[in-house]
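> Got a structure for you, questions after.
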Amino acid sequence: MRLNIGSGSAYANDRLDTAAAMADSGRVTYMGFDCLAERTMALAQIRRMGDPGAGQDERIGALVPILKNFLEAGGRVVGNFGAANPDAAASDFASGLARLGITGTRIGIIRGDDVRDTVLTHDLELPELGTTTRALGDRIVSANAYIGADPVVECLQQDAQIVLGGRVADPSLFVGPICHELGWSLDDWDRVATATLAGHLLECGVHSTGGNFEDPPYRVVPDPHNLSFPLAEIDDDELVVTKLDGTGGAVDVRTTRTQLYYEIHDPAQYLTPDVTADFSGVHLEEAGADRVRLSGARGAARPDTLKVLVGVDLGYKAVAEISYGGPGCVDRARRAEEIVRKRLEPIRDRIEELRIELHGVNTLFGDRMRGGEPAEVRLRLAARALYADVAKAAAYEIEYLYFGPAGGGGVVTSVVPAIVVTPALLPRSDVPLSVEVISA
Amino acid sequence: MKLREVAYSRSGDKGDVSNICVFPHDDGDYEWLREVLTAELVAKTFGDLVAGTVTRYEIPVNCCLNFVLTEALAGGVSKSLRVDPHGKSYQSLILDIDLPERQVRS
């Protein structure tokens with residue numbers, strides 16, 4: 001038994017044409033869709049608060065026609081399309097299939113990752129904010145536990161062709177199908193670690209095939225405009241990661257090892273809901289053009305706690321910018337900054353955080369890479385305040401710079417809710433999950 | 001010599017923690033990089049961008065040095081007011097580090 005499984009998405013706005021290429025390739029029988037990043041979940045919860053039918057991935061209507069042939073050929077799809085609203089995601093899939101005249105598709109729905117009520121009664125520590133959930137009270141807008149592969153496997157065992165949930169952990173979207181198809185037990189830790197390794201390399205999409213990689217002249221890949229999502233070929237003895245033929249990018253030892261330790265801290269202790277994975281001894285070997293064979297992942301028992309991302313309403317964030325060009329542009333922008341700081345003095349104590357900096361000079365690294373005088377600079381203000389009127393007032397000070405130092409142009413301002421997500425831990429037993437497989 | 005001439009990198013974020021993995025272009029340079037590219041040097045380069053600590057994990061089988069920077073993203077992707085709240089660009093800042101001239105390998 002050998003399973004070919006491909007990536008279909010790495011985040012909420014990922015490219016549909018890249019997913020279509022994988023679906024139509026004939027190379028894979030499963031596709032995993034990671035639709036969530038840390039902030040995506042909280043934003044989805046906000047959408048759901050405004051509309052009980054919202055909060056799911058917003059691409060499902062467009063995705064179903066793309067997956068039509070893949071599904072009709074028996075392909076199976078696993079994704080965290082649910083975001084804040086798995087039932088609404090299932091409903092979007094069902095109506096999309098109905099529009100295409102497809103009936104009888106089994107859809108597995110995973111529920112239970114939404115633990116907002118639980119975190120409010122447990123008074124959890126929020127170490128990155130230095131406070132607790134109870135102290136924040138109704139400023140907590142969401143809490144979702146990262147859940148593992150077990151409910152995915154349960155849905156697949158019940159013949160679900162589409163499996164969707166909320167905050168299913170990124171690699172678990174792949175661990176579920178791999179363990180189900182290859183008959184690997186979810187407590188066979190070395191094998192779960194191997195499946196997690198495959199999932200880790202697939203869940204970030206083009207990050208494994210040449211995306212976020214080029215740095216000419218040292219690192220260049222062919223046709224970077226036409227990258228492929230990665231796919232894995234896996235059986236009891238071997239794991240190979242590759243990409244679709246006829247696409248750009250590269251899958252070689254360099255691109256693969258760059259992604260291998262992406263967002264991993266201690267490589268011997270990578271915690272997921274499924275396993276404590278040890279990737280410190282993973283061996284990579286090129287096995288043909290754009291094919292890398294991986295071996296040596298080791299696993300130990302999964303953690304007893306689940307990571308929870310708690311979404312907290314911290315008010316509003318304003319960002320506003322204005323450009324200065326030509327001789328003296330940095331001096332004029334600095335003068336503008338002085339004006340803005342003086343004008344903000346009366347409301348400064350109601351601004352929780354404030355940054356004013358210059359694109360082209362110091363926004364990314366402070367003054368660490370200061371070069372010569374740039375041809376143009378863009379003054380940027382970013383501010384956070386608990387109240388919208390304060391955030392707006394800060395942003396407007398940039399607009400008023402049309403009447404400040406000479407030649408300021410191109411003002412853009414925005415004020416958006418500041419929903420901050422922050423990690424906490426819950427015992428696994430406090431996150432009861434359930435699955436339901438419906439026929440659409 | 002800039003680190004960029006002999007190595008490549010990728011940075012990622014989890015909450016307020018950034019990790020930056022660094023690999024030599026030529027695996028033969030790994031031992032030398034292990035000597036010169038210390039956690040202290042990275043901490044000095046990043047300065048007040050990082051409020052927490054810099055820890056280095058060594059992964060010899062893949063010639064990787066993985067630097068983990070805590071309190072490094074001004075509160076993390078959702079809280080930070082920085083232009084690059086993920087610290088995606090940190091992989092480029094680390095490559096700007098000046099290294100001592102490399103000994104000729106025997």
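Simple scheme: letters A, B, ... for chains in structure tokens order, numbers from 1 for residues in each chain, numbers from 1 for ligands in the order shown.
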Dump as CSV the rows for residues of chain A within 7 Å of chain B: closest atom pair and distance in Å with one decimal, only C-alpha atoms counted, ordered by chain and rising residue number.


```
residue,atom,partner,partner_atom,distance
A:Arg39,CA,B:Ser78,CA,6.0
A:Thr258,CA,B:Arg10,CA,6.3
A:Tyr261,CA,B:Cys21,CA,6.8
A:Tyr262,CA,B:Gly12,CA,5.7
A:Glu263,CA,B:Gly12,CA,4.8
A:His265,CA,B:Val68,CA,6.1
A:Asp266,CA,B:Tyr57,CA,6.6
A:Ser280,CA,B:Ile59,CA,5.9
A:Gly281,CA,B:Val61,CA,6.2
A:His283,CA,B:Val61,CA,6.8
A:Arg355,CA,B:Leu81,CA,6.9
A:Thr363,CA,B:Val83,CA,6.3
A:Leu364,CA,B:Asp84,CA,6.6
A:Ala382,CA,B:Leu81,CA,5.8
A:Ala383,CA,B:Leu81,CA,6.9
A:Ile419,CA,B:Ser78,CA,6.7
A:Val420,CA,B:Ser78,CA,4.8
A:Val421,CA,B:Ser78,CA,6.1
A:Thr422,CA,B:Gly15,CA,6.6
```

> Can I get the selection written as an mmCIF file, in the first residue's frame, with N, CA and C atoms?


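As a result, selection-v7.cif now contains:
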```cif
data_model
loop_
_atom_site.group_PDB
_atom_site.id
_atom_site.type_symbol
_atom_site.label_atom_id
_atom_site.label_comp_id
_atom_site.auth_asym_id
_atom_site.auth_seq_id
_atom_site.Cartn_x
_atom_site.Cartn_y
_atom_site.Cartn_z
ATOM 1 N N ARG A 39 -3.869 34.202 13.270
ATOM 2 C CA ARG A 39 -4.835 35.293 13.366
ATOM 3 C C ARG A 39 -6.155 34.972 12.671
ATOM 4 N N THR A 258 15.243 23.577 4.372
ATOM 5 C CA THR A 258 14.868 24.918 4.813
ATOM 6 C C THR A 258 13.476 24.895 5.445
ATOM 7 N N TYR A 261 12.746 22.706 9.334
ATOM 8 C CA TYR A 261 12.801 23.261 10.695
ATOM 9 C C TYR A 261 12.049 24.593 10.808
ATOM 10 N N TYR A 262 11.229 24.881 9.798
ATOM 11 C CA TYR A 262 10.431 26.117 9.821
ATOM 12 C C TYR A 262 9.421 26.067 10.968
ATOM 13 N N GLU A 263 9.446 27.078 11.789
ATOM 14 C CA GLU A 263 8.521 27.196 12.929
ATOM 15 C C GLU A 263 8.642 26.027 13.907
ATOM 16 N N HIS A 265 11.052 24.760 17.173
ATOM 17 C CA HIS A 265 12.026 25.311 18.112
ATOM 18 C C HIS A 265 13.035 24.215 18.444
ATOM 19 N N ASP A 266 12.816 23.430 19.516
ATOM 20 C CA ASP A 266 13.715 22.307 19.788
ATOM 21 C C ASP A 266 13.372 21.201 18.777
ATOM 22 N N SER A 280 15.326 15.730 14.828
ATOM 23 C CA SER A 280 16.746 16.101 14.862
ATOM 24 C C SER A 280 17.611 15.124 14.077
ATOM 25 N N GLY A 281 17.068 13.918 13.799
ATOM 26 C CA GLY A 281 17.866 12.942 13.055
ATOM 27 C C GLY A 281 17.294 12.627 11.683
ATOM 28 N N HIS A 283 16.941 12.294 7.960
ATOM 29 C CA HIS A 283 17.923 12.236 6.875
ATOM 30 C C HIS A 283 17.241 12.556 5.548
ATOM 31 N N ARG A 355 4.082 53.501 17.181
ATOM 32 C CA ARG A 355 5.350 53.424 16.424
ATOM 33 C C ARG A 355 5.279 54.444 15.297
ATOM 34 N N THR A 363 12.045 50.548 9.157
ATOM 35 C CA THR A 363 10.839 49.859 9.645
ATOM 36 C C THR A 363 11.111 48.412 10.046
ATOM 37 N N LEU A 364 12.004 47.735 9.359
ATOM 38 C CA LEU A 364 12.182 46.304 9.626
ATOM 39 C C LEU A 364 13.199 46.032 10.715
ATOM 40 N N ALA A 382 1.884 53.647 13.314
ATOM 41 C CA ALA A 382 1.014 52.551 13.734
ATOM 42 C C ALA A 382 0.693 52.779 15.198
ATOM 43 N N ALA A 383 -0.579 52.651 15.538
ATOM 44 C CA ALA A 383 -0.991 52.925 16.919
ATOM 45 C C ALA A 383 -2.090 51.958 17.317
ATOM 46 N N ILE A 419 -7.553 42.421 17.187
ATOM 47 C CA ILE A 419 -7.838 41.140 17.825
ATOM 48 C C ILE A 419 -6.515 40.397 17.947
ATOM 49 N N VAL A 420 -6.111 40.180 19.168
ATOM 50 C CA VAL A 420 -4.817 39.564 19.428
ATOM 51 C C VAL A 420 -5.041 38.108 19.800
ATOM 52 N N VAL A 421 -4.277 37.189 19.210
ATOM 53 C CA VAL A 421 -4.370 35.791 19.624
ATOM 54 C C VAL A 421 -3.149 35.437 20.448
ATOM 55 N N THR A 422 -3.392 34.692 21.504
ATOM 56 C CA THR A 422 -2.317 34.409 22.449
ATOM 57 C C THR A 422 -2.469 32.975 22.942
#
```

> Can you tell me, as a VMD selection string, what residues are no more than 9 Å from Ala440 of chain A when counting only C-alpha atoms, ignoring any on the same chain fewer than 4 positions away?

chain A and resid 90 to 91 93 to 95 97 to 98 102 to 107

> Save the residues we just selected, C-alpha atoms, as a short mmCIF file (atom, residue, chain, number, x, y, z; two decimals), in the first residue's frame?


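Okay, again-v5.cif is ready:
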```cif
data_model
loop_
_atom_site.label_atom_id
_atom_site.label_comp_id
_atom_site.auth_asym_id
_atom_site.auth_seq_id
_atom_site.Cartn_x
_atom_site.Cartn_y
_atom_site.Cartn_z
CA ALA A 90 -20.35 21.70 5.58
CA SER A 91 -23.40 23.57 4.38
CA PHE A 93 -19.86 22.21 0.52
CA ALA A 94 -23.33 20.65 0.35
CA SER A 95 -24.84 23.54 -1.57
CA LEU A 97 -22.14 20.03 -4.69
CA ALA A 98 -25.89 20.38 -5.20
CA ILE A 102 -23.63 15.82 -7.29
CA THR A 103 -25.56 13.96 -4.60
CA GLY A 104 -24.73 11.45 -1.91
CA THR A 105 -21.29 12.84 -0.97
CA ARG A 106 -20.43 11.99 2.60
CA ILE A 107 -19.14 14.95 4.61
#
```

> What's the 9 Å shell around Pro224 of chain A, counting only C-alpha atoms, without same-chain residues fewer than 5 positions away, as a ChimeraX atom specification?

/A:210-211,214,247-249

> Any idea what's packed within 7 Å of segment 397-401 of chain A, counting only C-alpha atoms, ignoring anything in its chain fewer than 2 positions away? Could you give it as an MDAnalysis selection string?

chainID A and resid 320:322 336 340 393:395 403:404 408 411

> Mind checking DSSP for segment 26-87 of chain B and telling me the alpha helix (DSSP H) residues as an mmCIF file with C-alpha atoms, in the first residue's frame?


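Writing the result to out15.cif gives the following:
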```
data_model
loop_
_atom_site.group_PDB
_atom_site.id
_atom_site.type_symbol
_atom_site.label_atom_id
_atom_site.label_comp_id
_atom_site.auth_asym_id
_atom_site.auth_seq_id
_atom_site.Cartn_x
_atom_site.Cartn_y
_atom_site.Cartn_z
ATOM 1 C CA TYR B 30 29.096 23.707 8.926
ATOM 2 C CA GLU B 31 31.744 23.118 11.594
ATOM 3 C CA TRP B 32 33.216 26.545 10.971
ATOM 4 C CA LEU B 33 29.779 28.191 11.133
ATOM 5 C CA ARG B 34 29.136 26.358 14.377
ATOM 6 C CA GLU B 35 32.221 28.035 15.820
ATOM 7 C CA VAL B 36 31.597 31.563 14.593
ATOM 8 C CA ALA B 39 23.835 32.707 19.897
ATOM 9 C CA GLU B 40 25.640 35.681 21.457
ATOM 10 C CA LEU B 41 26.507 37.106 18.034
ATOM 11 C CA VAL B 42 22.920 36.726 16.850
ATOM 12 C CA ALA B 43 21.605 38.329 20.044
ATOM 13 C CA LYS B 44 23.977 41.270 19.560
ATOM 14 C CA THR B 45 22.885 41.717 15.948
ATOM 15 C CA PHE B 46 19.188 41.710 16.768
#
```

> Residues at most 10 Å from Glu285 of chain A, counting only C-alpha atoms, excluding those fewer than 2 positions away in the same chain, as a PyMOL selection string?

chain A and resi 240+252-253+256+283+287-288+291-295
